[in-house]
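Asks: Got a structure here, written out as structure tokens. Questions coming.
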Amino acid sequence: MQNITILGATGSIGVSTLDVMGRHPDEYSVYALTGNTQIEKLAKQCAQHGAQFAVVGDHLTAVRLEGLLRSLGCATEVLFGRDGLAEVASADAVDTVMAAIVGAAGLLPTLAAVKAGKKILLANKESLVMAGGLFMEAVRTSGSVLLPIDSEHNAIFQCLPHDYHLTNGVKQADAAGITKLLLSASGGPFRGWSREQMMTVTPDQACAHPNWSMGRKISVDSATLMNKGLELIEACWLFDVGAEKIEVVIHPQSIVHSAVQYSDGSVLAQMGNPDMRTPIAHALAWPKRIDAGVAYLDLFEIGQLNFEKPDLKAFPCLQLAYDAAATGGSAPTFLNAANEVAVQAYLDERIAFGQISQIVDETLTRLSFTEPESLDAVQGFDSEARSFSAAYITEIES
Ligand code: NDP
Ligand code: MG
């Protein structure tokens with residue numbers, strides 16, 4: 001029996017994780033569930049899955065949640081804040097932590113789980129983008145098992161040799177005969193559009209992803225292709241390769257989730273219907289396989305698979321991410337923070353879609369880069385980029 005904490009249980013990944021776990025009640029149990037704003041949903045999840053602990057952001061919300069839980073006849077204990085998250089991520093009784101909080105807020109609780117040596121199911125790509133070097137070092141030191149949930153990274157992981165260790169700190173790609181990682185991208189809802197056509201699209205249009213159903217932040221990131229940029233950086237850290245070894249491939253059907261090219265000309269790809277329960281089930285059960293509730297792939301119904309190169313002019317966020325990956329140091333931290341601020345401003349309808357890349361670009365141009373040597377330094381860079389981009393948004397608004 002694996003006892004599991006889900007950080008970000010009320011989100012899209014959290015709900016899919018509970019769905020897969022619920023299909024195998026003899027294998028997986030819920031230790032703790034965490035949420036932020038969706039308190040009623042969290043209370044229902046705790047009651048349904050018998051969570052021992054629930055965590056929310058602050059004391060007032062914790063009191064409200066407690067009221068809801070007791071009215072459901074549920075004895076789940078409620079904690080709050082950073083300490084609460086760290087506690088349920090690192091408790092002795094926990095075997096596995098699903099890291100599915102969105103954005104930079106996911107970094108500290110995920111690191112708490114890493115430092116406690118838990119098995120980590122990593123959905124929160126932002127923590128690797130912000131602090132990849134420190135994060136991977138912490139994984140190596142603690143001996144945590146790290147499994148990627150992001151569908152592309154999970155696909156690549158499945159196509160790597162069995163003895164390819166994500167965390168032994170030795171460059172293995174060349175020795176394993178890997179010549180390229182092919183990172184799939186659907187292209188999002190605006191594939192084939194020009195930058196001018198995209199300038200004024202609404203948040204609802206941007207969040208209407210053709211193949212994947214996801215939270216609003218990652219949906220906007222998919223529409224700008226910043227999501228692929230973040231994933232490029234995520235892949236560099238996870239698989240210990242340089243960005244030049246990674247090629248982004250636009251594949252509108254989202255059936256080939258990514259692939260690995262080897263020196264003998266073989267390309268190993270992982271395919272499946274676009275449903276996050278597949279990578280979640282893969283990582284939960286690894287190295288076994290379990291039913292995920294996902295319909296099997298019908299290749300006859302799909303008929304065709306198409307591939308094209310990304311248009312870096314129409315989608316400048318991807319180019320910005322390539323540049324940040326090449327610069328290294330604090331550049332990816334700046335990129336991530338400025339993007340989070342810009343996407344929130346876009347969702348709040350304060351800026352236009354086309355201005356997201358402008359804000360990230362300006363932040364990266366104006367701030368100077370250094371090597372982050374500690375977690376405090378990373379958080380300092382994150383705050384610096386947030387302040388800069390927030391001020392820049394106010395400036396362009398007026
Ligand atoms: P959602 O927006 O659906 O869910 C985010 C979760 O994080 C919710 O539980 C939310 O709580 C919680 N949360 C938000 N802000 C905070 C905060 N400041 N402190 C604590 N908790 C917070 O996102 P997704 O599930 O779509 O994505 C989660 C992560 O997984 C992201 O990093 C994303 O990039 C990654 N990912 C997602 C994929 C997908 O298909 N959805 C695919 C690949 C990666 P509440 O809702 O209660 O406010
Ligand atoms: Mg992905």
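In the structure tokens, the first chain shown is A, the next is B, and so on; residue numbers restart at 1 for each chain, and ligands run from 1 in the order shown.
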List as a list in words the protein and nucleic acid residues lying within 9 Å of ligand 2, with only C-alpha atoms and all ligand atoms counted.

Replies: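 Selection of residues at most 9 Å from ligand 2: Ala123, Lys125, Ile149, Asp150, Ser151, Glu152, His153, Asn154, Ser184, Ala185, Ile218, Ser222, Asn227, Lys228, Glu231 and His257 of chain A.
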
Asks: Any chance you could export the current selection's N, CA and C atoms as a tab-separated table (two decimals), in the first residue's frame?

Replies:
chain	number	residue	atom	x	y	z
A	123	ALA	N	4.63	16.95	-11.32
A	123	ALA	CA	3.85	17.67	-12.34
A	123	ALA	C	4.29	19.13	-12.39
A	125	LYS	N	6.29	21.58	-13.11
A	125	LYS	CA	7.51	21.81	-13.89
A	125	LYS	C	8.21	23.09	-13.46
A	149	ILE	N	5.66	13.52	-14.48
A	149	ILE	CA	4.23	13.41	-14.79
A	149	ILE	C	3.90	14.15	-16.08
A	150	ASP	N	4.60	15.24	-16.33
A	150	ASP	CA	4.37	15.98	-17.58
A	150	ASP	C	4.38	14.94	-18.70
A	151	SER	N	3.35	14.95	-19.56
A	151	SER	CA	3.16	13.83	-20.48
A	151	SER	C	4.37	13.61	-21.39
A	152	GLU	N	5.01	14.72	-21.83
A	152	GLU	CA	6.15	14.59	-22.74
A	152	GLU	C	7.33	13.96	-22.02
A	153	HIS	N	7.56	14.37	-20.79
A	153	HIS	CA	8.71	13.88	-20.03
A	153	HIS	C	8.48	12.46	-19.56
A	154	ASN	N	7.23	12.17	-19.25
A	154	ASN	CA	6.89	10.80	-18.90
A	154	ASN	C	7.10	9.90	-20.12
A	184	SER	N	7.26	16.66	-28.03
A	184	SER	CA	6.01	16.95	-28.75
A	184	SER	C	5.32	18.19	-28.21
A	185	ALA	N	4.66	18.90	-29.12
A	185	ALA	CA	3.82	20.05	-28.74
A	185	ALA	C	2.59	20.02	-29.64
A	218	ILE	N	-1.58	26.80	-17.12
A	218	ILE	CA	-0.87	25.97	-18.12
A	218	ILE	C	-1.58	26.02	-19.47
A	222	SER	N	0.24	26.94	-22.86
A	222	SER	CA	0.21	26.10	-24.05
A	222	SER	C	-0.14	26.93	-25.28
A	227	ASN	N	4.63	27.02	-22.46
A	227	ASN	CA	4.63	25.71	-21.82
A	227	ASN	C	5.72	24.83	-22.41
A	228	LYS	N	5.89	24.88	-23.75
A	228	LYS	CA	6.93	24.05	-24.37
A	228	LYS	C	8.31	24.57	-23.97
A	231	GLU	N	8.97	23.33	-20.61
A	231	GLU	CA	9.23	21.88	-20.70
A	231	GLU	C	10.62	21.58	-21.27
A	257	HIS	N	3.46	11.30	-27.63
A	257	HIS	CA	3.65	12.24	-26.53
A	257	HIS	C	5.07	12.77	-26.42

Asks: Using only C-alpha atoms and all ligand atoms, I'd like a table of the residues in chain A that come within 8 Å of ligand 1; for each, show the closest atom pair and its distance in Å rounded to one decimal, ordered by chain and ascending number, as CSV.

Replies:
residue,atom,partner,partner_atom_place_in_ligand_line,distance
A:Leu7,CA,ligand 1,9 (O),6.9
A:Gly8,CA,ligand 1,9 (O),3.2
A:Ala9,CA,ligand 1,9 (O),4.7
A:Thr10,CA,ligand 1,9 (O),3.8
A:Gly11,CA,ligand 1,4 (O),3.1
A:Ser12,CA,ligand 1,25 (O),3.6
A:Ile13,CA,ligand 1,25 (O),3.9
A:Gly14,CA,ligand 1,25 (O),6.0
A:Val15,CA,ligand 1,25 (O),7.9
A:Thr34,CA,ligand 1,9 (O),6.5
A:Gly35,CA,ligand 1,47 (O),3.9
A:Asn36,CA,ligand 1,47 (O),3.7
A:Thr37,CA,ligand 1,48 (O),3.7
A:Gln38,CA,ligand 1,47 (O),3.7
A:Ile39,CA,ligand 1,47 (O),6.3
A:Lys41,CA,ligand 1,47 (O),7.7
A:Leu42,CA,ligand 1,47 (O),7.1
A:Val56,CA,ligand 1,20 (C),7.0
A:Gly57,CA,ligand 1,19 (N),6.2
A:Ala99,CA,ligand 1,29 (C),7.4
A:Ala100,CA,ligand 1,29 (C),4.3
A:Ile101,CA,ligand 1,7 (O),3.5
A:Val102,CA,ligand 1,31 (C),3.9
A:Gly103,CA,ligand 1,32 (O),5.3
A:Ala104,CA,ligand 1,18 (N),7.9
A:Ala105,CA,ligand 1,18 (N),4.9
A:Gly106,CA,ligand 1,20 (C),6.9
A:Leu122,CA,ligand 1,30 (O),7.8
A:Ala123,CA,ligand 1,30 (O),4.1
A:Asn124,CA,ligand 1,32 (O),3.4
A:Lys125,CA,ligand 1,32 (O),5.2
A:Glu126,CA,ligand 1,32 (O),5.8
A:Ile149,CA,ligand 1,43 (C),6.5
A:Asp150,CA,ligand 1,43 (C),4.0
A:Ser151,CA,ligand 1,43 (C),6.1
A:Trp212,CA,ligand 1,40 (O),6.4
A:Ser213,CA,ligand 1,40 (O),6.1
A:Met214,CA,ligand 1,41 (N),3.7
A:Gly215,CA,ligand 1,26 (O),3.4
A:Arg216,CA,ligand 1,2 (O),5.8
A:Lys217,CA,ligand 1,2 (O),6.3
A:Ile218,CA,ligand 1,34 (O),5.2
A:Ser219,CA,ligand 1,26 (O),7.6
A:Asn227,CA,ligand 1,34 (O),7.5
A:Asp275,CA,ligand 1,40 (O),7.8
A:Met276,CA,ligand 1,40 (O),5.7

Asks: When you look at Ala54 in chain A with a cut-off of 6 Å (counting only C-alpha atoms), what residues show up, excluding the ones that are within fewer than 3 positions of it in the same chain? I need them as a PyMOL selection string.

Replies: chain A and resi 32-34+78

Asks: If you keep C-alpha atoms, can you produce a file of those selected residues as a PDB file, in the first residue's frame?

Replies:
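So result_2.pdb came out as:
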ATOM      1  CA  ALA A  32      -3.133  14.362   2.783  1.00  0.00           C
ATOM      2  CA  LEU A  33      -4.841  16.581   0.208  1.00  0.00           C
ATOM      3  CA  THR A  34      -4.071  20.257  -0.277  1.00  0.00           C
ATOM      4  CA  VAL A  78      -6.666  20.693   8.933  1.00  0.00           C
TER       5      VAL A  78
END

Asks: Find the distance between CA of Ala113 in chain A and CA of Phe135 in chain A and write it in Å to one decimal.

Replies: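 So the two atoms, CA of Ala113 in chain A and CA of Phe135 in chain A, lie 11.0 Å apart.
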
Asks: Quick check for you: according to DSSP on this backbone, which residues of range 53-228 of chain A are classed as strand (DSSP E or B)? Reply as a PDB file with N, CA, C and O atoms, in the first residue's frame.

Replies:
ATOM      1  N   PHE A  53      -5.150  14.271   6.607  1.00  0.00           N
ATOM      2  CA  PHE A  53      -4.851  15.705   6.724  1.00  0.00           C
ATOM      3  C   PHE A  53      -5.300  16.452   5.477  1.00  0.00           C
ATOM      4  O   PHE A  53      -5.286  15.898   4.376  1.00  0.00           O
ATOM      5  N   ALA A  54      -5.645  17.730   5.700  1.00  0.00           N
ATOM      6  CA  ALA A  54      -5.904  18.640   4.577  1.00  0.00           C
ATOM      7  C   ALA A  54      -5.127  19.914   4.868  1.00  0.00           C
ATOM      8  O   ALA A  54      -4.961  20.288   6.043  1.00  0.00           O
ATOM      9  N   VAL A  55      -4.638  20.567   3.823  1.00  0.00           N
ATOM     10  CA  VAL A  55      -3.879  21.808   4.019  1.00  0.00           C
ATOM     11  C   VAL A  55      -4.422  22.895   3.094  1.00  0.00           C
ATOM     12  O   VAL A  55      -4.669  22.648   1.915  1.00  0.00           O
ATOM     13  N   VAL A  56      -4.594  24.103   3.666  1.00  0.00           N
ATOM     14  CA  VAL A  56      -4.988  25.276   2.877  1.00  0.00           C
ATOM     15  C   VAL A  56      -4.028  26.425   3.211  1.00  0.00           C
ATOM     16  O   VAL A  56      -3.133  26.265   4.045  1.00  0.00           O
ATOM     17  N   GLU A  77      -7.891  16.173   9.754  1.00  0.00           N
ATOM     18  CA  GLU A  77      -7.266  17.266  10.510  1.00  0.00           C
ATOM     19  C   GLU A  77      -6.787  18.347   9.527  1.00  0.00           C
ATOM     20  O   GLU A  77      -6.234  18.017   8.476  1.00  0.00           O
ATOM     21  N   VAL A  78      -6.997  19.619   9.876  1.00  0.00           N
ATOM     22  CA  VAL A  78      -6.666  20.693   8.933  1.00  0.00           C
ATOM     23  C   VAL A  78      -5.427  21.475   9.384  1.00  0.00           C
ATOM     24  O   VAL A  78      -5.334  21.920  10.523  1.00  0.00           O
ATOM     25  N   LEU A  79      -4.479  21.638   8.465  1.00  0.00           N
ATOM     26  CA  LEU A  79      -3.283  22.451   8.706  1.00  0.00           C
ATOM     27  C   LEU A  79      -3.301  23.595   7.697  1.00  0.00           C
ATOM     28  O   LEU A  79      -4.082  23.581   6.750  1.00  0.00           O
ATOM     29  N   PHE A  80      -2.399  24.566   7.874  1.00  0.00           N
ATOM     30  CA  PHE A  80      -2.387  25.655   6.890  1.00  0.00           C
ATOM     31  C   PHE A  80      -0.987  26.219   6.692  1.00  0.00           C
ATOM     32  O   PHE A  80      -0.079  25.981   7.485  1.00  0.00           O
ATOM     33  N   THR A  96       4.701   8.583  -1.013  1.00  0.00           N
ATOM     34  CA  THR A  96       4.732   9.217  -2.330  1.00  0.00           C
ATOM     35  C   THR A  96       4.060  10.574  -2.279  1.00  0.00           C
ATOM     36  O   THR A  96       3.025  10.732  -1.622  1.00  0.00           O
ATOM     37  N   VAL A  97       4.646  11.546  -2.990  1.00  0.00           N
ATOM     38  CA  VAL A  97       4.040  12.884  -3.052  1.00  0.00           C
ATOM     39  C   VAL A  97       3.805  13.254  -4.507  1.00  0.00           C
ATOM     40  O   VAL A  97       4.728  13.235  -5.322  1.00  0.00           O
ATOM     41  N   MET A  98       2.560  13.558  -4.836  1.00  0.00           N
ATOM     42  CA  MET A  98       2.223  14.113  -6.146  1.00  0.00           C
ATOM     43  C   MET A  98       2.390  15.624  -6.035  1.00  0.00           C
ATOM     44  O   MET A  98       1.687  16.278  -5.262  1.00  0.00           O
ATOM     45  N   ALA A  99       3.339  16.181  -6.778  1.00  0.00           N
ATOM     46  CA  ALA A  99       3.614  17.621  -6.722  1.00  0.00           C
ATOM     47  C   ALA A  99       2.832  18.305  -7.831  1.00  0.00           C
ATOM     48  O   ALA A  99       3.302  18.410  -8.958  1.00  0.00           O
ATOM     49  N   LYS A 119       9.134   9.360  -2.711  1.00  0.00           N
ATOM     50  CA  LYS A 119       8.977   9.162  -4.148  1.00  0.00           C
ATOM     51  C   LYS A 119       8.188  10.370  -4.643  1.00  0.00           C
ATOM     52  O   LYS A 119       7.112  10.687  -4.117  1.00  0.00           O
ATOM     53  N   ILE A 120       8.742  11.073  -5.652  1.00  0.00           N
ATOM     54  CA  ILE A 120       8.128  12.319  -6.127  1.00  0.00           C
ATOM     55  C   ILE A 120       7.531  12.118  -7.510  1.00  0.00           C
ATOM     56  O   ILE A 120       8.243  11.746  -8.452  1.00  0.00           O
ATOM     57  N   LEU A 121       6.256  12.377  -7.637  1.00  0.00           N
ATOM     58  CA  LEU A 121       5.606  12.398  -8.948  1.00  0.00           C
ATOM     59  C   LEU A 121       5.526  13.874  -9.330  1.00  0.00           C
ATOM     60  O   LEU A 121       4.738  14.623  -8.766  1.00  0.00           O
ATOM     61  N   LEU A 122       6.369  14.278 -10.268  1.00  0.00           N
ATOM     62  CA  LEU A 122       6.548  15.718 -10.508  1.00  0.00           C
ATOM     63  C   LEU A 122       5.694  16.235 -11.666  1.00  0.00           C
ATOM     64  O   LEU A 122       6.014  16.007 -12.830  1.00  0.00           O
ATOM     65  N   VAL A 145      13.151   9.045  -5.307  1.00  0.00           N
ATOM     66  CA  VAL A 145      12.868   8.567  -6.661  1.00  0.00           C
ATOM     67  C   VAL A 145      12.024   9.646  -7.332  1.00  0.00           C
ATOM     68  O   VAL A 145      11.000  10.050  -6.808  1.00  0.00           O
ATOM     69  N   LEU A 146      12.498  10.131  -8.479  1.00  0.00           N
ATOM     70  CA  LEU A 146      11.818  11.225  -9.172  1.00  0.00           C
ATOM     71  C   LEU A 146      11.198  10.694 -10.461  1.00  0.00           C
ATOM     72  O   LEU A 146      11.910  10.153 -11.308  1.00  0.00           O
ATOM     73  N   LEU A 147       9.889  10.847 -10.600  1.00  0.00           N
ATOM     74  CA  LEU A 147       9.204  10.360 -11.811  1.00  0.00           C
ATOM     75  C   LEU A 147       8.426  11.497 -12.456  1.00  0.00           C
ATOM     76  O   LEU A 147       7.654  12.190 -11.783  1.00  0.00           O
ATOM     77  N   PRO A 148       8.643  11.727 -13.759  1.00  0.00           N
ATOM     78  CA  PRO A 148       7.976  12.847 -14.424  1.00  0.00           C
ATOM     79  C   PRO A 148       6.506  12.553 -14.756  1.00  0.00           C
ATOM     80  O   PRO A 148       6.190  11.487 -15.273  1.00  0.00           O
ATOM     81  N   ILE A 178      22.036   8.262 -27.224  1.00  0.00           N
ATOM     82  CA  ILE A 178      20.901   9.164 -27.489  1.00  0.00           C
ATOM     83  C   ILE A 178      21.394  10.370 -28.279  1.00  0.00           C
ATOM     84  O   ILE A 178      22.323  11.058 -27.854  1.00  0.00           O
ATOM     85  N   THR A 179      20.783  10.596 -29.438  1.00  0.00           N
ATOM     86  CA  THR A 179      21.210  11.723 -30.266  1.00  0.00           C
ATOM     87  C   THR A 179      20.256  12.901 -30.152  1.00  0.00           C
ATOM     88  O   THR A 179      20.647  14.040 -30.391  1.00  0.00           O
ATOM     89  N   LYS A 180      19.008  12.656 -29.814  1.00  0.00           N
ATOM     90  CA  LYS A 180      18.041  13.744 -29.730  1.00  0.00           C
ATOM     91  C   LYS A 180      16.828  13.341 -28.896  1.00  0.00           C
ATOM     92  O   LYS A 180      16.410  12.175 -28.950  1.00  0.00           O
ATOM     93  N   LEU A 181      16.294  14.285 -28.158  1.00  0.00           N
ATOM     94  CA  LEU A 181      14.982  14.088 -27.546  1.00  0.00           C
ATOM     95  C   LEU A 181      13.991  14.885 -28.393  1.00  0.00           C
ATOM     96  O   LEU A 181      14.223  16.067 -28.679  1.00  0.00           O
ATOM     97  N   LEU A 182      12.929  14.244 -28.833  1.00  0.00           N
ATOM     98  CA  LEU A 182      11.917  14.924 -29.655  1.00  0.00           C
ATOM     99  C   LEU A 182      10.730  15.260 -28.753  1.00  0.00           C
ATOM    100  O   LEU A 182      10.004  14.359 -28.312  1.00  0.00           O
ATOM    101  N   LEU A 183      10.594  16.537 -28.461  1.00  0.00           N
ATOM    102  CA  LEU A 183       9.595  16.996 -27.490  1.00  0.00           C
ATOM    103  C   LEU A 183       8.324  17.410 -28.242  1.00  0.00           C
ATOM    104  O   LEU A 183       8.322  18.397 -28.978  1.00  0.00           O
ATOM    105  N   SER A 184       7.260  16.662 -28.034  1.00  0.00           N
ATOM    106  CA  SER A 184       6.005  16.952 -28.751  1.00  0.00           C
ATOM    107  C   SER A 184       5.317  18.186 -28.206  1.00  0.00           C
ATOM    108  O   SER A 184       5.345  18.450 -27.004  1.00  0.00           O
ATOM    109  N   ALA A 185       4.656  18.903 -29.122  1.00  0.00           N
ATOM    110  CA  ALA A 185       3.818  20.048 -28.738  1.00  0.00           C
ATOM    111  C   ALA A 185       2.594  20.017 -29.642  1.00  0.00           C
ATOM    112  O   ALA A 185       2.728  19.799 -30.844  1.00  0.00           O
TER     113      ALA A 185
END

Asks: How many Å lie between CA of Val260 in chain A and CA of Leu160 in chain A, rounded to one decimal?

Replies: 7.2 Å

Asks: My list of candidates is A:Glu27, A:Asp298, A:Glu340, A:Asp163. Which is closest to Asp382 in chain A when distances are computed with only C-alpha atoms?

Replies: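 Among A:Glu27, A:Asp298, A:Glu340, A:Asp163, it is A:Glu340 that comes nearest to Asp382 in chain A.
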
Asks: Quick one: residues within 10 Å of range 238-251 of chain A, only C-alpha atoms, excluding same-chain residues fewer than 5 positions away - as an NGL selection string?

Replies: :A and (128 or 132 or 136 or 146-148 or 153 or 156-157 or 160 or 164-174 or 178-188 or 191 or 228-229 or 231-233 or 256-261 or 305-311 or 318 or 321-323 or 325-326)

Asks: Using 7 Å as the limit and counting only C-alpha atoms, can you tabulate each residue of range 121-203 of chain A that touches range 353-374 of chain A, with its shortest atom-to-atom distance in Å and the two atoms involved, as a tab-separated table?

Replies:
residue	atom	partner	partner_atom	distance
A:Met198	CA	A:Gly354	CA	6.6
A:Met199	CA	A:Gly354	CA	4.6
A:Thr200	CA	A:Phe353	CA	6.0
A:Val201	CA	A:Phe353	CA	6.3

Asks: Do you know which residues are at most 10 Å from Glu66 in chain A counting only C-alpha atoms, after dropping those on the same chain fewer than 2 positions away, and could you put them as a short mmCIF file (atom, residue, chain, number, x, y, z; two decimals) with N, CA, C and O atoms, in the first residue's frame?

Replies:
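File out14.cif, as written:
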data_model
loop_
_atom_site.label_atom_id
_atom_site.label_comp_id
_atom_site.auth_asym_id
_atom_site.auth_seq_id
_atom_site.Cartn_x
_atom_site.Cartn_y
_atom_site.Cartn_z
N ILE A 39 -12.38 25.35 -1.50
CA ILE A 39 -12.50 24.70 -0.19
C ILE A 39 -13.58 23.62 -0.16
O ILE A 39 -13.41 22.56 0.43
N ALA A 43 -13.07 19.71 0.71
CA ALA A 43 -13.79 19.01 1.80
C ALA A 43 -14.41 17.72 1.26
O ALA A 43 -14.29 16.65 1.88
N ALA A 54 -5.64 17.73 5.70
CA ALA A 54 -5.90 18.64 4.58
C ALA A 54 -5.13 19.91 4.87
O ALA A 54 -4.96 20.29 6.04
N LEU A 60 -7.74 31.43 8.50
CA LEU A 60 -9.17 31.68 8.31
C LEU A 60 -9.80 30.62 7.39
O LEU A 60 -10.87 30.08 7.67
N THR A 61 -9.10 30.32 6.30
CA THR A 61 -9.59 29.29 5.36
C THR A 61 -9.60 27.93 6.04
O THR A 61 -10.51 27.12 5.81
N ALA A 62 -8.61 27.69 6.91
CA ALA A 62 -8.53 26.41 7.62
C ALA A 62 -9.77 26.25 8.52
O ALA A 62 -10.36 25.16 8.58
N VAL A 63 -10.18 27.33 9.18
CA VAL A 63 -11.36 27.27 10.06
C VAL A 63 -12.62 26.98 9.23
O VAL A 63 -13.45 26.14 9.61
N ARG A 64 -12.71 27.63 8.08
CA ARG A 64 -13.87 27.39 7.19
C ARG A 64 -13.89 25.94 6.72
O ARG A 64 -14.94 25.29 6.71
N LEU A 68 -16.71 22.83 7.24
CA LEU A 68 -17.28 22.03 6.14
C LEU A 68 -17.06 20.54 6.37
O LEU A 68 -17.95 19.71 6.17
N LEU A 69 -15.84 20.21 6.81
CA LEU A 69 -15.50 18.79 7.03
C LEU A 69 -16.37 18.19 8.12
O LEU A 69 -16.90 17.08 7.97
N ARG A 70 -16.53 18.95 9.23
CA ARG A 70 -17.33 18.39 10.34
C ARG A 70 -18.78 18.23 9.90
O ARG A 70 -19.45 17.28 10.30
N SER A 71 -19.27 19.16 9.06
CA SER A 71 -20.67 19.03 8.61
C SER A 71 -20.84 17.80 7.71
O SER A 71 -21.94 17.28 7.55
N LEU A 72 -19.73 17.33 7.13
CA LEU A 72 -19.79 16.10 6.33
C LEU A 72 -19.50 14.86 7.19
O LEU A 72 -19.40 13.75 6.68
N CYS A 74 -16.70 14.28 8.79
CA CYS A 74 -15.36 13.83 8.39
C CYS A 74 -14.32 14.36 9.40
O CYS A 74 -14.33 15.54 9.76
N ALA A 75 -13.42 13.48 9.84
CA ALA A 75 -12.50 13.83 10.93
C ALA A 75 -11.13 14.33 10.44
O ALA A 75 -10.20 14.49 11.23
N THR A 76 -10.99 14.59 9.14
CA THR A 76 -9.71 15.06 8.59
C THR A 76 -9.17 16.25 9.39
O THR A 76 -9.89 17.20 9.66
N GLU A 77 -7.89 16.17 9.75
CA GLU A 77 -7.27 17.27 10.51
C GLU A 77 -6.79 18.35 9.53
O GLU A 77 -6.23 18.02 8.48
N VAL A 78 -7.00 19.62 9.88
CA VAL A 78 -6.67 20.69 8.93
C VAL A 78 -5.43 21.48 9.38
O VAL A 78 -5.33 21.92 10.52
N LEU A 79 -4.48 21.64 8.46
CA LEU A 79 -3.28 22.45 8.71
C LEU A 79 -3.30 23.60 7.70
O LEU A 79 -4.08 23.58 6.75
#

Asks: Closest to Ala155 in chain A among A:Ile280, A:Ala176, A:Ala93, A:Leu312, using only C-alpha atoms?

Replies: A:Ile280

Asks: Which distance in Å separates CA of Pro161 in chain A and CA of Cys236 in chain A, to one decimal?

Replies: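 Separation between CA of Pro161 in chain A and CA of Cys236 in chain A: 17.0 Å.
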
Asks: Taking the chain letters and numbering used in this document, name the residues of range 145-241 of chain A that DSSP puts in alpha helix (DSSP H), as a PyMOL selection string.

Replies: chain A and resi 151-159+195-198+203-207+216-224+226-239

Asks: Which residues are near Met1 in chain A? Cut-off 10 Å, only C-alpha atoms, ignore same chain within fewer than 2 positions. Put them as a PyMOL selection string.

Replies: chain A and resi 3-4+24-29+95
